[in-house]
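Text of my_file.pdb (PDB, C-alpha atoms) as supplied:
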```pdb
ATOM      1  CA  MET A   1      80.843  94.542 113.785
ATOM      2  CA  ASP A   2      78.936  97.634 114.815
ATOM      3  CA  PHE A   3      80.471 101.118 114.700
ATOM      4  CA  SER A   4      81.286 101.336 118.429
ATOM      5  CA  GLU A   5      83.104  98.000 118.381
ATOM      6  CA  TYR A   6      85.031  99.069 115.284
ATOM      7  CA  VAL A   7      86.157 102.316 116.914
ATOM      8  CA  VAL A   8      87.292 100.531 120.070
ATOM      9  CA  ALA A   9      89.242  97.982 118.018
ATOM     10  CA  ARG A  10      90.813 100.315 115.436
ATOM     11  CA  ARG A  11      91.009 103.892 116.773
ATOM     12  CA  THR A  12      94.528 103.648 118.218
ATOM     13  CA  SER A  13      95.841 102.124 114.997
ATOM     14  CA  LEU A  14      94.169 104.837 112.938
ATOM     15  CA  VAL A  15      95.720 107.593 115.081
ATOM     16  CA  ARG A  16      99.164 106.011 114.814
ATOM     17  CA  SER A  17      98.721 105.688 111.061
ATOM     18  CA  ALA A  18      97.862 109.390 110.816
ATOM     19  CA  VAL A  19     100.991 110.233 112.841
ATOM     20  CA  LEU A  20     103.119 108.054 110.588
ATOM     21  CA  LEU A  21     101.591 109.802 107.584
ATOM     22  CA  GLY A  22     103.111 113.026 108.922
ATOM     23  CA  CYS A  23     100.332 114.436 111.058
ATOM     24  CA  PRO A  24     101.282 115.802 114.518
ATOM     25  CA  GLN A  25      99.766 113.716 117.354
ATOM     26  CA  PRO A  26      97.149 116.274 118.497
ATOM     27  CA  ASP A  27      96.076 116.879 114.898
ATOM     28  CA  ALA A  28      96.009 113.131 114.242
ATOM     29  CA  GLU A  29      93.402 112.729 116.978
ATOM     30  CA  ASP A  30      91.236 115.361 115.276
ATOM     31  CA  VAL A  31      91.744 113.896 111.799
ATOM     32  CA  VAL A  32      90.784 110.409 113.003
ATOM     33  CA  GLN A  33      87.733 111.765 114.811
ATOM     34  CA  THR A  34      86.616 113.548 111.644
ATOM     35  CA  ALA A  35      87.281 110.455 109.503
ATOM     36  CA  LEU A  36      85.330 108.240 111.893
ATOM     37  CA  LEU A  37      82.448 110.716 111.898
ATOM     38  CA  ARG A  38      82.366 110.546 108.104
ATOM     39  CA  CYS A  39      82.373 106.749 108.289
ATOM     40  CA  TYR A  40      79.635 106.746 110.924
ATOM     41  CA  ARG A  41      77.373 108.721 108.615
ATOM     42  CA  SER A  42      77.620 105.937 106.029
ATOM     43  CA  TRP A  43      78.374 102.989 108.306
ATOM     44  CA  ARG A  44      76.116 100.585 106.396
ATOM     45  CA  ARG A  45      78.098 101.292 103.230
ATOM     46  CA  VAL A  46      81.367 100.734 105.136
ATOM     47  CA  GLN A  47      80.101  97.406 106.456
ATOM     48  CA  ARG A  48      79.046  96.281 102.968
ATOM     49  CA  ALA A  49      82.424  97.132 101.440
ATOM     50  CA  ASP A  50      84.602  94.223 100.324
ATOM     51  CA  GLN A  51      87.418  95.646 102.463
ATOM     52  CA  PRO A  52      85.961  97.735 105.320
ATOM     53  CA  ASP A  53      89.386  98.589 106.763
ATOM     54  CA  ALA A  54      90.595  99.804 103.376
ATOM     55  CA  TYR A  55      87.426 101.904 103.086
ATOM     56  CA  VAL A  56      88.103 103.528 106.473
ATOM     57  CA  TYR A  57      91.770 104.136 105.620
ATOM     58  CA  ARG A  58      90.709 105.788 102.355
ATOM     59  CA  VAL A  59      88.470 108.111 104.369
ATOM     60  CA  LEU A  60      91.389 108.759 106.759
ATOM     61  CA  VAL A  61      93.807 109.627 103.930
ATOM     62  CA  ASN A  62      91.203 111.880 102.285
ATOM     63  CA  THR A  63      90.462 113.597 105.607
ATOM     64  CA  LEU A  64      94.167 114.172 106.213
ATOM     65  CA  THR A  65      94.553 115.620 102.712
ATOM     66  CA  ASP A  66      91.561 117.910 103.309
ATOM     67  CA  ALA A  67      92.996 119.026 106.661
ATOM     68  CA  ARG A  68      96.345 119.883 105.059
ATOM     69  CA  ASN A  69      94.617 121.935 102.367
ATOM     70  CA  ARG A  70      92.552 123.973 104.829
ATOM     71  CA  ARG A  71      93.637 127.408 105.902
ATOM     72  CA  TRP A  72      94.550 128.196 109.482
ATOM     73  CA  ASN A  73      91.338 128.671 111.475
ATOM     74  CA  GLY A  74      92.602 130.862 114.282
ATOM     75  CA  GLU A  75      93.307 128.194 116.912
ATOM     76  CA  LEU A  76      96.028 129.209 119.324
ATOM     77  CA  PRO A  77      98.352 126.856 121.194
ATOM     78  CA  THR A  78      98.024 126.532 124.940
ATOM     79  CA  GLU A  79     100.789 126.800 127.496
ATOM     80  CA  THR A  80      99.594 123.788 129.454
ATOM     81  CA  LEU A  81      99.405 120.472 127.676
ATOM     82  CA  PRO A  82      97.376 117.588 129.088
ATOM     83  CA  ASP A  83      99.285 114.644 130.533
ATOM     84  CA  ARG A  84      99.403 111.415 128.569
ATOM     85  CA  PRO A  85      97.518 108.545 130.184
ATOM     86  CA  ASP A  86      99.792 106.256 132.192
ATOM     87  CA  GLY A  87     100.745 103.047 130.486
ATOM     88  CA  GLU A  88     100.094 104.357 126.983
ATOM     89  CA  VAL A  89     103.034 103.403 124.810
ATOM     90  CA  ASP A  90     103.241 104.950 121.384
ATOM     91  CA  ALA A  91     105.208 102.731 119.015
ATOM     92  CA  THR A  92     105.547 105.591 116.537
ATOM     93  CA  VAL A  93     107.818 107.729 118.705
ATOM     94  CA  GLY A  94     111.018 106.145 117.393
ATOM     95  CA  LEU A  95     112.796 109.263 116.242
ATOM     96  CA  GLY A  96     114.760 107.529 113.494
ATOM     97  CA  VAL A  97     111.658 106.049 111.881
ATOM     98  CA  ARG A  98     109.664 109.253 112.208
ATOM     99  CA  ARG A  99     112.539 111.303 110.776
ATOM    100  CA  ALA A 100     112.951 108.889 107.883
ATOM    101  CA  LEU A 101     109.217 108.940 107.133
ATOM    102  CA  ALA A 102     109.083 112.732 107.401
ATOM    103  CA  ALA A 103     111.919 113.036 104.885
ATOM    104  CA  MET A 104     110.107 110.908 102.303
ATOM    105  CA  ARG A 105     107.845 112.122  99.570
ATOM    106  CA  PRO A 106     104.218 111.887 100.762
ATOM    107  CA  GLU A 107     103.313 109.167  98.262
ATOM    108  CA  HIS A 108     106.160 106.948  99.524
ATOM    109  CA  ARG A 109     105.257 107.566 103.155
ATOM    110  CA  GLU A 110     101.619 106.710 102.423
ATOM    111  CA  VAL A 111     102.370 103.324 100.862
ATOM    112  CA  LEU A 112     104.741 102.316 103.654
ATOM    113  CA  VAL A 113     102.337 103.282 106.431
ATOM    114  CA  LEU A 114      99.350 101.625 104.770
ATOM    115  CA  ARG A 115     101.239  98.461 103.757
ATOM    116  CA  TYR A 116     103.390  97.848 106.826
ATOM    117  CA  TYR A 117     101.757  99.685 109.706
ATOM    118  CA  ALA A 118      98.079  99.414 108.779
ATOM    119  CA  ASP A 119      98.846  95.961 107.295
ATOM    120  CA  LEU A 120      96.762  96.507 104.172
ATOM    121  CA  SER A 121      97.377  94.349 101.117
ATOM    122  CA  GLU A 122      98.725  95.820  97.881
ATOM    123  CA  ARG A 123      95.192  95.781  96.438
ATOM    124  CA  GLU A 124      93.711  97.472  99.526
ATOM    125  CA  THR A 125      96.473 100.091  99.516
ATOM    126  CA  ALA A 126      95.857 100.725  95.824
ATOM    127  CA  ASP A 127      92.139 101.125  96.517
ATOM    128  CA  VAL A 128      92.753 103.512  99.427
ATOM    129  CA  LEU A 129      95.110 105.702  97.404
ATOM    130  CA  ARG A 130      93.182 105.248  94.151
ATOM    131  CA  ILE A 131      96.251 104.162  92.228
ATOM    132  CA  PRO A 132      97.093 100.961  90.321
ATOM    133  CA  PRO A 133      98.593  98.056  92.320
ATOM    134  CA  GLY A 134     101.734  98.301  90.180
ATOM    135  CA  THR A 135     102.230 101.858  91.385
ATOM    136  CA  VAL A 136     101.923 100.637  94.976
ATOM    137  CA  LYS A 137     104.649  98.064  94.255
ATOM    138  CA  SER A 138     107.023 100.571  92.648
ATOM    139  CA  ARG A 139     106.482 103.227  95.337
ATOM    140  CA  THR A 140     106.990 100.617  98.050
ATOM    141  CA  SER A 141     110.196  99.430  96.413
ATOM    142  CA  ARG A 142     111.582 102.968  96.145
ATOM    143  CA  ALA A 143     110.567 103.840  99.702
ATOM    144  CA  LEU A 144     112.145 100.676 101.138
ATOM    145  CA  ALA A 145     115.339 101.385  99.185
ATOM    146  CA  ALA A 146     115.425 104.875 100.697
ATOM    147  CA  LEU A 147     114.947 103.435 104.185
ATOM    148  CA  ALA A 148     117.702 100.873 103.607
ATOM    149  CA  ALA A 149     120.076 103.660 102.588
ATOM    150  CA  ASP A 150     119.182 105.852 105.579
ATOM    151  CA  GLN A 151     122.217 105.845 107.890
ATOM    152  CA  ASN A 152     120.109 107.051 110.841
ATOM    153  CA  LEU A 153     118.132 103.811 110.878
ATOM    154  CA  ARG A 154     121.100 101.443 110.966
ATOM    155  CA  SER A 155     121.672  99.565 114.196
ATOM    156  CA  PRO A 156     124.694 100.562 116.283
ATOM    157  CA  ASP A 157     126.253  97.164 115.502
ATOM    158  CA  ALA A 158     126.191  97.946 111.768
ATOM    159  CA  HIS A 159     128.435 101.030 112.063
TER     160      HIS A 159
END
```
How would this structure read if it were set down as structure tokens?
Amino acid sequence: MDFSEYVVARRTSLVRSAVLLGCPQPDAEDVVQTALLRCYRSWRRVQRADQPDAYVYRVLVNTLTDARNRRWNGELPTETLPDRPDGEVDATVGLGVRRALAAMRPEHREVLVLRYYADLSERETADVLRIPPGTVKSRTSRALAALAADQNLRSPDAH
């Protein structure tokens, strides 16, 4: 798959993953654009990787980490925000899920988003985060336990 095809197929998922990792939507667009630019510069290496999606998600996580570590660059908010395109449905807007993810430690949020939203395997998630697969398993277990205990995520029938 060439770079343009990859971007068309995966961009929306990458942006949603960045949002689920705790990045505000407008910033997520910028982070994904920067990550894709980095991947474009070494696209042949990405294509040769055993797990190209895991490679791109590693770049995304690293780019997000870099963006969080950067100082404010003087951008100012605008009074007028652009309209969202009609028909665009963002599955990440569920307030309960976003609140629960925001309340988690970053390492727990990362494994959940990469495993269950980005649909990466344990091995791919471990590669992206540069941690052992056993750590992915234990973080996932702890994060799922925290979600299960979160009263805000229970269905109305369960109360």
Please write the residues picked by the PyMOL selection byres ((chain A and resi 43-53) around 9) on this file as a tab-separated table (two decimals) with C-alpha atoms, keeping the file's coordinate frame.
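So selection21.tsv came out as:
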```tsv
chain	number	residue	atom	x	y	z
A	1	MET	CA	80.84	94.54	113.78
A	2	ASP	CA	78.94	97.63	114.82
A	3	PHE	CA	80.47	101.12	114.70
A	10	ARG	CA	90.81	100.32	115.44
A	38	ARG	CA	82.37	110.55	108.10
A	39	CYS	CA	82.37	106.75	108.29
A	40	TYR	CA	79.64	106.75	110.92
A	41	ARG	CA	77.37	108.72	108.62
A	42	SER	CA	77.62	105.94	106.03
A	54	ALA	CA	90.60	99.80	103.38
A	55	TYR	CA	87.43	101.90	103.09
A	56	VAL	CA	88.10	103.53	106.47
A	57	TYR	CA	91.77	104.14	105.62
A	58	ARG	CA	90.71	105.79	102.36
A	118	ALA	CA	98.08	99.41	108.78
A	120	LEU	CA	96.76	96.51	104.17
A	124	GLU	CA	93.71	97.47	99.53
```
| message | Applying the PyMOL selection byres ((chain A and resi 100-107) around 10) to the file I just gave you, which residues come out? Please list them as a PyMOL selection string. | response | chain A and resi 20-23+95-99+108-113+129+136+139-140+143+146-147+150-153
If you keep C-alpha atoms, can you produce a file of those selected residues as a compact mmCIF listing (two decimals), keeping the file's coordinate frame?
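Saved to part-v1.txt:
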```txt
# COMPACT_ATOMS: atom_id res chain seq x y z
CA LEU A 20 103.12 108.05 110.59
CA LEU A 21 101.59 109.80 107.58
CA GLY A 22 103.11 113.03 108.92
CA CYS A 23 100.33 114.44 111.06
CA LEU A 95 112.80 109.26 116.24
CA GLY A 96 114.76 107.53 113.49
CA VAL A 97 111.66 106.05 111.88
CA ARG A 98 109.66 109.25 112.21
CA ARG A 99 112.54 111.30 110.78
CA HIS A 108 106.16 106.95 99.52
CA ARG A 109 105.26 107.57 103.16
CA GLU A 110 101.62 106.71 102.42
CA VAL A 111 102.37 103.32 100.86
CA LEU A 112 104.74 102.32 103.65
CA VAL A 113 102.34 103.28 106.43
CA LEU A 129 95.11 105.70 97.40
CA VAL A 136 101.92 100.64 94.98
CA ARG A 139 106.48 103.23 95.34
CA THR A 140 106.99 100.62 98.05
CA ALA A 143 110.57 103.84 99.70
CA ALA A 146 115.42 104.88 100.70
CA LEU A 147 114.95 103.44 104.18
CA ASP A 150 119.18 105.85 105.58
CA GLN A 151 122.22 105.84 107.89
CA ASN A 152 120.11 107.05 110.84
CA LEU A 153 118.13 103.81 110.88
```
| remark: note - CA of Ser121 (chain A) and CA of Thr12 (chain A) are separated by 19.7 Å
| message | Could you list, as an MDAnalysis selection string, every residue within 9 Å of Arg11 (chain A), counting all atoms listed in the file and ignoring same-chain residues fewer than 4 positions away? | response | chainID A and resid 6:7 15:16 32:33 36
| message | Please list, as a PyMOL selection string, the residues that have an atom at most 8 Å away from (99.9, 102.7, 94.8) in the coordinates of this file, counting only C-alpha atoms. | response | chain A and resi 111+122+125-126+129-139
| task | Could you tell me how far CA of Asp66 (chain A) lies from CA of Glu5 (chain A), in Å and to one decimal? | result |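 Interatomic distance, CA of Asp66 (chain A) to CA of Glu5 (chain A): 26.4 Å.
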| Interatomic distance between CA of Asn62 (chain A) and CA of Ser17 (chain A)? | 13.1 Å
